[in-house]
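Peer 1: Below is the structure I would like to discuss, written out as structure tokens.
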Amino acid sequence: MRISSFKVVTIVALGAAMVLAACGGNSSSGNTTNGKIGGTVHFLGTWSGSEQDSFMAVIKPFEDQTGVTVEYEASRDQDAILTTRVTAGNPPEVASAPSPALLTKFANQGKVIALNNVLDMGKLNSEYAKSWIDLGSINGKLYEVYAWGSLKGLVFYNPKVFQQKGYTVPKTWDEMITLQNKIKADGTTPWCIGLESGAASGWPGSDWVKEIVLSQSGPSAYDSWWQGKTKWSSSEIKQAWTTWGQVLGSGDSNVYGGKNFMVSTNFGDAGNGMFDSPPKCFMHNQGSFITDFFVKAKPSLVAGQDFNFFPLPDVNSKYTGAHVVAGDTMSMFKDTPQARALMKYLTTAEAQDIWVKRGGKTAINNKVNVNDYPDALQKNIAQTILSAKIAKYDAGDLMPPDMKNAYWSAILQYVQDQSKLDSILSGLDKVQATAYTT
Amino acid sequence: MSVAAAADRPGTAATAARFSPQWIAGRLSGVVLHLAVIGLTVAWMVPTIGILFTSFRPFTAINSSGWWLALSPPFQFTLDNYSKVLSTSNLGHSFFNSFMISIPATIIPVAIAAFAAYAFAWMKFPFRDWIFLAIVGVLAIPLQLSFVPVLSFFVAHGITPSALPPGLQYLPVWLAHTGYGLPFSIYLLANFFRALPSELFESAEIDGAGTLTVFFRIVLPLSVPALASLVIFQFLWIWNDLLVALIYVGGQPEVAPLTVTLANLTNSYGQGYHLLTAAAFFSMFVPLIVFLSLQRYFVRGILAGSVKG
Amino acid sequence: MDWGTFLSQLPIVVIVIVGVPAVLVAYIVGTEYLVRLLPDAFRPRVRPWIWVGPALIFVFGFLILPAILTAKTSLESGAGDFVGLQNYQRQLGDFPTGGAWIAIRNNVYWLILYTLVALGFGLLLAVLFDRVRYETFVKSLIFMPMAISAVALGVIWKFMYWYQPPGVPQTGTVNAILGIFHQDPRIWVQDPSVDNFAIIAAATWGITGFAMVILSAALKGIPADLLEAARVDGAGEITIFRRVIFPLMMPTVVVVGTTLVIFALKAFDVVYVMTGGNFETDVLANRMYKLLFFSGNQGGAAAVAMILLAAVVPVLIFNLRQFRAVEARR
């Protein structure tokens with residue numbers, strides 16, 4: 001029986017390695033409590049790495065107070081894993097909601113639990129802006145709540161370089177175009193843009209277009225567009241693309257490295273060129289999360305001194321103060337006392353404040369003290385969100401997933417050849433015709 | 001290859017007289033062989049070396065210069081990436097989980113496949129070839145399609161980590177890897193078993209040996225190289241699997257394998273991807289040990305020796 | 001995990017490691033004992049089913065049943081109504097660029113390049129390495145990429161293909177090598193004229209170790225005296241390879257080739273990580289994934305999966321002929 005001897009060898013070798021492995025690490029033991037809820041709640045989220053550490057810090061006081069253990073698991077493929085588990089009848093109690101479109105599907109199938117009887121709606125209404133509650137509601141019932149948000153359409157720049165070159169922060173779209181031309185006249189490149197993001201490649205460009213749609217044609221045009229009622233080839237939407245085309249410049253000459261660099265560079269690395277000497281570019285439009293990427297790539301950078309932002313100027317002054325926002329949401333898939341307690345906890349200012357203090361997130365609960373943000377720049381971002389006259393949620397996330405993916409791909413096609421805009425838009429119209437019905 | 005082929009063969013070069021033309025040709029072809037082997041290996045290793053160097057460089061350097069510049073001043077080497085990987089929370093436990101998943105999920109399908117492959121190769125039964133073809137054919141089924149029906153079945157019958165007793169909580173993923181791993185295992189083993197000389201079986205029958213004796217004493221020992229390579233790959237695929245584990249046992253700390261824990265090194269924006277180089281080397285270590293420890297079964301002559309014995 | 005927890009798990013570890021093989025051996029020994037209780041005439045009829053039984057149950061439950069359900073779904077609309085071949089028509093309707101056609105074209109590239117290069121290199125390396133003393137060492141170096149998960153492999157090859165504009169020091173290996181030859185850097189995975197080949201190269205690099213290891217195992221199975229006899233007869237090494245080694249390895253080459261063909265058809269992870277199917281790099285499995293999880297289009301996803309299954313049929317027929325030939329020889 002030679003087979004068994006070689007099996008034994010393998011097993012012994014692996015067993016030995018296992019013993020070694022067991023030396024490291026730690027384990028959590030379930031604590032029994034008196035008068036506390038106790039038990040466990042499973043949370044399937046999208047935060048991993050340093051974000052996961054922050055979320056666990058948020059959870060810590062909850063676990064201490066209630067005796068509930070939060071079993072957190074992070075997943076990158078939220079759509080695939082959550083869809084499979086929900087369909088097969090094995091969902092986690094609480095999950096960061098996937099795209100709003102997928103949530104709508106779950107709600108229609110009755111697979112997600114309405115929160116109206118779970119949360120104290122009176123308290124929520126007083127602490128949350130109405131628009132955030134509306135975003136989570138389907139047919140008048142609340143299915144998801146937001147805890148933290150982020151602001152899109154922030155143009156980052158290097159204040160030291162701006163001062164040295166005598167550039168001033170533009171207040172209007174025209175001023176920005178003038179600045180862009182001035183930078184070009186100086187023989188340098190105005191913008192850094194990176195569109196690579198694996199399977200989601202193209203989304204940073206889609207942010208540009210949706211911000212322009214909102215501030216150029218206004219909130220009602222924006223809503224009718226993501227709802228699939230306005231065609232992509234309509235004048236409003238086409239205009240937004242051509243306006244972005246002006247930023248890119250003919251032959252993408254306004255962007256560092258041109259189209260090849262744009263399509264092949266990861267969105268997280270693209271802005272770093274602003275801090276080289278001499279700078280490779282001067283402006284970078286991205287969401288508020290990007291500052292962490294700057295600091296990781298060049299640890300010597302100081303927020304406010306080495307980088308700062310101005311909100312992407314409004315194209316049409318009628319819509320001044322319009323901003324595109326996005327957020328982190330939670331939904332409940334199984335009704336347990338532990339899950340209810342967790343949902344309640346995460347909507348409180350107390351919970352949201354913990355992450356705010358750690359940096360990188362903006363709280364949705366308006367009871368969170370603005371002075372808790374770790375630096376002036378993040379405080380400024382929070383104030384911009386709070387003072388936004390028109391806040392609209394990320395149109396891409398609101399579209400059906402098919403539409404969103406086609407939108408992202410279209411961005412990649414557009415930067416490669418701007419002259420093909422008409423055929424790109426009619427392609428999107430075709431997707432639009434079917435995406436909203438399935 | 002033409003010149004190289006004659007090298008290291010005792011029958012050709014070694015018997016020729018020293019410094020005779022044949023002797024020189026033999027030596028030369030030996031040199032060419034070694035050049036070819038080393039050249040191909042080095043070329044193949046370029047990306048691996050790149051990852052190895054990158055894994056020892058600080059993120060700021062990875063981003064601004066190529067890995068080969070690590071060999072020139074300023075020598076920017078750091079152990080930070082590895083210390084980040086090693087300080088990942090729950091690393092020890094997930095390492096343990098990976099073994100608890102991989103070992104049974106390798107043994108079960110290899111054993112079951114060996115039984116089945118023996119029947120497919122040396123027994124006669126109705127529809128044998130068609131069943132065999134169906135098993136090979138379903139290798140092409142994308143696994144994602146089987147997740148919902150299989151998981152629903154597991155949930156309905158209480159085969160989920162939270163419903164099972166401790167230690168058996170990996171059962172769903174063992175069963176799943178057995179199901180998904182069997183077609184290739186049966187295919188590979190049946191092919192090797194089929195190639196065994198039929199005289200072996202005839203002589204065994206004359207000796208009056210039963211089916212079990214033939215299987216355990218003749219078929220398995222003679223197929224050790226095939227079994228070894230199958231064990232290597234089945235182990236490797238399970239060790240590196242992320243999706244099946246996430247679907248059937250989930251990613252919560254008590255059951256999450258190493259792949260799940262290491263995937264969490266990067267944040268949801270993909271930040272920290274440079275850590276994946278260190279993580280790749282860290283998790284490569286175990287499959288490599290398995291490979292090296294099974295290497296010694298890849299030796300010529302097992303067959304010849306056993307026929308005589 | 002601390003020592004206490006580990007020790008508490010130890011009995012389970014022992015039970016699993018000793019118990020699982022014990023159960024498997026007990027099954028086959030126990031059932032064989034029962035078979036012997038049967039009358040002589042029944043034994044050969046019952047025995048095969050006992051040996052293939054467990055495998056059949058697993059394969060049926062995990063793969064064949066889902067395949068049947070998939071076939072059914074491929075004929076249904078999202079609401080579960082029978083729609084005939086409509087899903088197939090949507091996938092295959094707009095020849096040559098619409099629906100699934102770009103993915104099918106790319107799968108043909110994969111099928112040819114990935115399979116042939118991995119098989120060819122695997123065979124070459126197995127045969128060459130067989131002749132050197134440091135075989136184990138070089139084999140494990142070639143094997144190393146196999147031990148990297150597909151996701152890490154995709155990320156690593158993105159590093160390889162990194163692009164910086166001309167005139168700036170390159171950070172990607174491939175463009176840096178181009179620079180040595182005074183060529184301008186180019187984008188690799190975003191340019192439709194080369195991107196499929198660049199992705200296939202990355203995947204092939206990862207899988208060649210697989211072909212090499214299995215072919216090497218087969219090579220070791222060739223009796224040394226057979227080779228010696230041929231050499232004594234004065235046959236050249238090339239002749240020996242062509243007349244002795246290759247024919248004896250042929251069944252294994254077919255096995256590895258078939259497996260690689262199926263892997264090529266199922267190619268997913270590397271594409272998903274590197275481009276997500278953008279820039280005309282889509283493949284059928286990625287298309288299926290997107291239809292299933294992003295579009296919620298079960299019918300379309302099922303139709304794509306059935307196209308994949310259909311593509312395997314010629315390979316299966318070839319296999320059937322191959323192993324009937326082996327049987328005929330004995």
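Each chain in the structure tokens gets a letter, A, B and so on, in the order shown; residues start at 1 in every chain, and ligands are counted from 1 in the order they appear.
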Let's see if you can do this: from backbone DSSP, list all strand (DSSP E) residues in region 195-335 of chain A, as a PyMOL selection string.
Peer 2: chain A and resi 283-286+308-311+322-332
Peer 1: May I have the residues within 7 Å of region 55-66 of chain B as a list in words, using only C-alpha atoms and disregarding those fewer than 5 positions away in the same chain?
Peer 2: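 Using only C-alpha atoms, the neighbours found are Ala297 and Lys298 of chain A; Gln76, Phe77, Thr78, Leu79, Asn81, His274, Thr277 and Ala278 of chain B; Gln170, Thr171 and Gly172 of chain C.
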Peer 1: So which residues touch Glu73 (chain A) within 7 Å, counting only C-alpha atoms, skipping near sequence neighbours fewer than 3 positions away, as a ChimeraX atom specification?
Peer 2: /A:43-45 /B:251-252
Peer 1: Report the closest atom pair, with its distance in Å rounded to one decimal, for each residue of chain C that has an atom no farther than 9 Å from chain A; count only C-alpha atoms, sort by chain and then rising residue number, and write it as a tab-separated table.
Peer 2:
residue	atom	partner	partner_atom	distance
C:Met1	CA	A:Asn26	CA	3.7
C:Asp2	CA	A:Asn26	CA	5.4
C:Trp3	CA	A:Cys23	CA	6.7
C:Thr5	CA	A:Ser27	CA	7.6
C:Phe6	CA	A:Ala22	CA	6.5
C:Ile17	CA	A:Ile11	CA	7.7
C:Gly78	CA	A:Thr438	CA	7.1
C:Tyr161	CA	A:Ser264	CA	8.9
C:Trp162	CA	A:Ser264	CA	7.3
C:Tyr163	CA	A:Ser264	CA	6.6
C:Gln164	CA	A:Phe261	CA	6.7
C:Pro165	CA	A:Gly257	CA	5.2
C:Pro166	CA	A:Gly257	CA	8.3
C:Arg186	CA	A:Asn260	CA	7.7
C:Ile187	CA	A:Asn260	CA	6.3
C:Trp188	CA	A:Ser264	CA	8.5
C:Val189	CA	A:Ser264	CA	7.8
C:Gln190	CA	A:Ser264	CA	6.6
C:Asp191	CA	A:Asn260	CA	8.7
C:Val271	CA	A:Ala199	CA	8.5
C:Tyr272	CA	A:Ala199	CA	5.8
C:Val273	CA	A:Gly198	CA	5.3
C:Met274	CA	A:Gly198	CA	5.4
C:Thr275	CA	A:Gly198	CA	5.3
C:Gly276	CA	A:Ala199	CA	3.6
C:Gly277	CA	A:Ala199	CA	7.2
C:Asn278	CA	A:Ser409	CA	6.5
C:Phe279	CA	A:Leu412	CA	8.1
C:Tyr289	CA	A:Ala80	CA	8.5
C:Lys290	CA	A:Asp402	CA	8.3
C:Leu291	CA	A:Asp402	CA	8.2
C:Leu292	CA	A:Ala80	CA	8.3
C:Phe293	CA	A:Ala80	CA	5.3
C:Phe294	CA	A:Pro401	CA	5.2
C:Ser295	CA	A:Asp402	CA	5.1
C:Gly296	CA	A:Thr438	CA	7.5
C:Asn297	CA	A:Thr438	CA	7.2
Peer 1: Using backbone DSSP assignments, extract all helix (DSSP H, G or I) residues from region 10-122 of chain C; output them as a VMD selection string.
Peer 2: chain C and resid 10 to 36 43 to 73 86 to 92 101 to 122
Peer 1: Have a look at C:Val232, C:Ala176, C:Leu284, C:Ile207 and name the one nearest to Ala147 (chain C); count only C-alpha atoms.
Peer 2: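 Smallest distance to Ala147 (chain C) is found for C:Ile207.
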Peer 1: Which residues come within 12 Å of Arg47 (chain C), counting only C-alpha atoms, excluding same-chain residues fewer than 3 positions away, as a PyMOL selection string?
Peer 2: (chain B and resi 115-116+118-120+122-125+210-212) or (chain C and resi 28-29+31-38+40-44+50-53)
Peer 1: When you get a sec, could you note down which chain B residues fall within 8 Å of chain A, using only C-alpha atoms, as a ChimeraX atom specification?
Peer 2: /B:59-60,63,89-93,95-96,99,103,147-149,151-152,155,216-217,220-221,224,246-247,250-253,264-269,271-272,290,293-294
Peer 1: Find the residues around Leu56 (chain C) up to 12 Å (only C-alpha atoms counted), leave out those fewer than 5 positions away in its own chain, and share them as a list in words.
Peer 2: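 Here the answer would be Pro109, Ile112, Ala113, Phe115, Ala116, Ala117, Ala119, Phe120, Arg128, Ile131, Phe132, Ala134, Ile135, Thr178, Gly179, Leu182, Pro183 and Ile186 of chain B; Pro48, Trp49, Ile50, Trp51, Gly61, Phe62, Leu63, Ile64 and Leu65 of chain C.
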Peer 1: Next, write the just-selected residues to a file, as an mmCIF file, in the first residue's frame, keeping N, CA and C atoms as the atom set.
Peer 2:
data_model
loop_
_atom_site.group_PDB
_atom_site.id
_atom_site.type_symbol
_atom_site.label_atom_id
_atom_site.label_comp_id
_atom_site.auth_asym_id
_atom_site.auth_seq_id
_atom_site.Cartn_x
_atom_site.Cartn_y
_atom_site.Cartn_z
ATOM 1 N N PRO B 109 -11.782 14.035 -2.700
ATOM 2 C CA PRO B 109 -11.976 13.840 -4.142
ATOM 3 C C PRO B 109 -10.926 12.927 -4.771
ATOM 4 N N ILE B 112 -12.074 9.317 -3.901
ATOM 5 C CA ILE B 112 -13.294 8.943 -4.629
ATOM 6 C C ILE B 112 -13.021 8.834 -6.128
ATOM 7 N N ALA B 113 -12.177 9.745 -6.615
ATOM 8 C CA ALA B 113 -11.838 9.716 -8.037
ATOM 9 C C ALA B 113 -11.038 8.470 -8.364
ATOM 10 N N PHE B 115 -11.293 5.508 -6.921
ATOM 11 C CA PHE B 115 -12.256 4.400 -7.030
ATOM 12 C C PHE B 115 -12.936 4.436 -8.408
ATOM 13 N N ALA B 116 -13.468 5.613 -8.738
ATOM 14 C CA ALA B 116 -14.248 5.724 -9.968
ATOM 15 C C ALA B 116 -13.373 5.494 -11.192
ATOM 16 N N ALA B 117 -12.168 6.068 -11.161
ATOM 17 C CA ALA B 117 -11.285 5.946 -12.325
ATOM 18 C C ALA B 117 -10.931 4.478 -12.556
ATOM 19 N N ALA B 119 -12.805 1.920 -11.915
ATOM 20 C CA ALA B 119 -13.961 1.294 -12.561
ATOM 21 C C ALA B 119 -14.051 1.695 -14.027
ATOM 22 N N PHE B 120 -13.844 2.988 -14.297
ATOM 23 C CA PHE B 120 -13.936 3.445 -15.689
ATOM 24 C C PHE B 120 -12.856 2.808 -16.544
ATOM 25 N N ARG B 128 -20.819 3.030 -19.826
ATOM 26 C CA ARG B 128 -19.593 3.463 -19.178
ATOM 27 C C ARG B 128 -18.963 4.675 -19.874
ATOM 28 N N ILE B 131 -21.088 7.936 -19.623
ATOM 29 C CA ILE B 131 -21.033 8.566 -18.297
ATOM 30 C C ILE B 131 -19.701 9.281 -18.124
ATOM 31 N N PHE B 132 -18.643 8.590 -18.576
ATOM 32 C CA PHE B 132 -17.316 9.178 -18.463
ATOM 33 C C PHE B 132 -17.229 10.506 -19.221
ATOM 34 N N ALA B 134 -19.660 12.481 -20.027
ATOM 35 C CA ALA B 134 -20.491 13.499 -19.369
ATOM 36 C C ALA B 134 -19.711 14.136 -18.221
ATOM 37 N N ILE B 135 -18.964 13.295 -17.494
ATOM 38 C CA ILE B 135 -18.194 13.820 -16.365
ATOM 39 C C ILE B 135 -17.114 14.788 -16.855
ATOM 40 N N THR B 178 -15.110 18.760 -3.415
ATOM 41 C CA THR B 178 -15.127 17.388 -3.911
ATOM 42 C C THR B 178 -15.915 17.339 -5.221
ATOM 43 N N GLY B 179 -17.087 17.935 -5.211
ATOM 44 C CA GLY B 179 -17.909 17.945 -6.420
ATOM 45 C C GLY B 179 -17.203 18.619 -7.586
ATOM 46 N N LEU B 182 -13.831 16.584 -8.703
ATOM 47 C CA LEU B 182 -13.886 15.207 -9.183
ATOM 48 C C LEU B 182 -13.715 15.044 -10.692
ATOM 49 N N PRO B 183 -14.385 15.849 -11.533
ATOM 50 C CA PRO B 183 -14.272 15.577 -12.970
ATOM 51 C C PRO B 183 -12.820 15.534 -13.455
ATOM 52 N N ILE B 186 -11.011 12.393 -11.903
ATOM 53 C CA ILE B 186 -11.384 11.124 -12.533
ATOM 54 C C ILE B 186 -10.751 11.031 -13.920
ATOM 55 N N PRO C 48 -19.066 -2.449 -10.321
ATOM 56 C CA PRO C 48 -18.690 -1.143 -10.909
ATOM 57 C C PRO C 48 -19.473 0.016 -10.302
ATOM 58 N N TRP C 49 -20.734 -0.206 -10.008
ATOM 59 C CA TRP C 49 -21.558 0.907 -9.499
ATOM 60 C C TRP C 49 -21.123 1.304 -8.099
ATOM 61 N N ILE C 50 -20.605 0.328 -7.355
ATOM 62 C CA ILE C 50 -20.097 0.669 -6.025
ATOM 63 C C ILE C 50 -18.846 1.532 -6.133
ATOM 64 N N TRP C 51 -18.017 1.217 -7.117
ATOM 65 C CA TRP C 51 -16.779 1.991 -7.277
ATOM 66 C C TRP C 51 -17.039 3.378 -7.850
ATOM 67 N N GLY C 61 -24.855 15.914 -8.367
ATOM 68 C CA GLY C 61 -25.425 16.969 -7.525
ATOM 69 C C GLY C 61 -24.793 18.330 -7.749
ATOM 70 N N PHE C 62 -23.474 18.338 -7.905
ATOM 71 C CA PHE C 62 -22.797 19.629 -7.974
ATOM 72 C C PHE C 62 -22.698 20.189 -9.383
ATOM 73 N N LEU C 63 -22.698 19.331 -10.394
ATOM 74 C CA LEU C 63 -22.471 19.855 -11.738
ATOM 75 C C LEU C 63 -23.551 19.466 -12.746
ATOM 76 N N ILE C 64 -23.930 18.163 -12.779
ATOM 77 C CA ILE C 64 -24.858 17.767 -13.839
ATOM 78 C C ILE C 64 -26.247 18.355 -13.590
ATOM 79 N N LEU C 65 -26.702 18.277 -12.353
ATOM 80 C CA LEU C 65 -28.018 18.846 -12.049
ATOM 81 C C LEU C 65 -28.041 20.359 -12.322
#
Peer 1: For each of C:Thr208, C:Ser149, C:Ser193, C:Ser8, take the minimum atom-to-atom distance to chain B, counting only C-alpha atoms, then give the residue where this is smallest.
Peer 2: C:Ser149
Peer 1: What's around region 97-103 of chain C at 8 Å? Count only C-alpha atoms, leave out sequence neighbours fewer than 4 positions away in its own chain, and write the answer as a ChimeraX atom specification.
Peer 2: /C:90-93,107,280-284,287,304
Peer 1: Which residue gives the smallest distance to Glu63 (chain A) among A:Pro279, A:Leu377, A:Ser300, A:Ala341, with only C-alpha atoms counted?
Peer 2: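 For Glu63 (chain A), the nearest of the given residues is A:Ala341.
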Peer 1: Can you check which residues of chain C have any atom within 7 Å of chain B? Use only C-alpha atoms and format it as a PyMOL selection string.
Peer 2: chain C and resi 1+12+20+45+48+51-52+54-55+58-59+62-64+66-67+128-129+131+136+138+142+147-149+152+156+170-172+213-214+217+220-221+223-224+237-238+251+255+262+266+285+305+308-309+312+316+330
